[in-house]
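For reference, the structure is listed below as structure tokens.
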Amino acid sequence: MPHYPRAVLDPIPITYAATITPNASQGSLFRCTATGPITLADPTGGVDGQVVRIEITASGADRVLTLTSIATTITITSGSKWAGELVYDGTDWWVTDGTSA
């Protein structure tokens, strides 16, 4: 049986706040339920080449997500999920994928 790091097995919950800042040193998969508008700040603690996946679920109403990495906003429909991957190049975080489901 292959060995998987903790981040593959256990998503790290992020408590909703108007701005969330994942700590990439904790793992690579983060989940948050948005109960209001939300801004995703660049993660802290990243290492060159690290990929971080963020999943945000809109709860109670449509929620506006602001991505600071690419200065854009996305509306997540109530009950739907947005998932995106960020890659760290040693200097900056880059959004490589974003989908709504």
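Numbering starts fresh at 1 for the residues of each chain in the structure tokens, the chains themselves are lettered A, B, ... in the order given, and ligands are numbered from 1 as they appear.
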
What parts of chain A does DSSP call alpha helix (DSSP H)? I'd like the answer as a compact mmCIF listing (two decimals) with C-alpha atoms, in the first residue's frame.
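Written file, part-v6.txt:
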# COMPACT_ATOMS: atom_id res chain seq x y z
CA ARG A 6 -1.22 13.85 5.56
CA ALA A 7 -2.37 16.55 3.13
CA VAL A 8 -3.54 13.94 0.61
CA LEU A 9 -5.64 12.13 3.18

Tell me which protein, DNA and RNA residues are within 7 Å of Val64 (chain A), counting only C-alpha atoms, leaving out same-chain ones fewer than 3 positions away, and put them as a PDB file with N, CA and C atoms, in the first residue's frame.
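Saved result, around-v2.pdb, follows:
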ATOM      1  N   PRO A  37     -19.083  37.143   1.544  1.00  0.00           N
ATOM      2  CA  PRO A  37     -18.051  37.348   0.530  1.00  0.00           C
ATOM      3  C   PRO A  37     -16.692  36.948   1.097  1.00  0.00           C
ATOM      4  N   ILE A  38     -15.814  36.464   0.237  1.00  0.00           N
ATOM      5  CA  ILE A  38     -14.550  35.930   0.725  1.00  0.00           C
ATOM      6  C   ILE A  38     -13.408  36.305  -0.210  1.00  0.00           C
ATOM      7  N   THR A  73     -12.592  38.445  -9.543  1.00  0.00           N
ATOM      8  CA  THR A  73     -13.663  37.940  -8.685  1.00  0.00           C
ATOM      9  C   THR A  73     -14.463  36.882  -9.432  1.00  0.00           C
ATOM     10  N   ILE A  74     -15.015  35.960  -8.659  1.00  0.00           N
ATOM     11  CA  ILE A  74     -15.816  34.862  -9.178  1.00  0.00           C
ATOM     12  C   ILE A  74     -17.038  34.758  -8.285  1.00  0.00           C
ATOM     13  N   THR A  75     -18.217  34.541  -8.872  1.00  0.00           N
ATOM     14  CA  THR A  75     -19.405  34.293  -8.074  1.00  0.00           C
ATOM     15  C   THR A  75     -19.619  32.791  -7.977  1.00  0.00           C
ATOM     16  N   ILE A  76     -19.713  32.302  -6.749  1.00  0.00           N
ATOM     17  CA  ILE A  76     -19.986  30.890  -6.499  1.00  0.00           C
ATOM     18  C   ILE A  76     -21.467  30.791  -6.142  1.00  0.00           C
TER      19      ILE A  76
END

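Nearest-residue note for Pro11 (chain A): choosing from A:Thr44, A:Gln26, A:Thr91, A:Thr39, the minimum distance belongs to A:Gln26, counting only C-alpha atoms.
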
12 Å contact set for Pro43 (chain A), only C-alpha atoms, chain neighbours under 3 positions out, as a count of residues only: 33

DSSP strand (DSSP E or B) residues within region 11-88 of chain A, as a PyMOL selection string: chain A and resi 12-13+19-20+23+29-34+38-40+44+51-58+63-67+72-76+81-88

Counting only C-alpha atoms, the residue of A:Asp42, A:Gly49, A:Ala34, A:Ala83 that sits nearest Ala61 (chain A): A:Ala34

Pairwise distance for CA of Ser59 (chain A) and CA of Pro13 (chain A), rounded to one decimal in Å: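 Spanning CA of Ser59 (chain A) to CA of Pro13 (chain A) is a straight-line distance of 15.0 Å.
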
For Cys32 (chain A), the nearest of the candidates A:Gly45, A:Thr57, A:Gly79, A:Thr72, counting only C-alpha atoms: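 Closest to Cys32 (chain A), using only C-alpha atoms: A:Thr57.
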
Among the residues A:Ser78, A:Thr96, A:Ala17, A:Ala41, the one that comes closest to Thr66 (chain A) [using only C-alpha atoms]: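 For Thr66 (chain A), the nearest of the given residues is A:Ala41.
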
CA of Ala71 (chain A) to CA of Asp10 (chain A), distance in Å rounded to a single decimal: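 Separating CA of Ala71 (chain A) from CA of Asp10 (chain A) is a distance of 29.2 Å.
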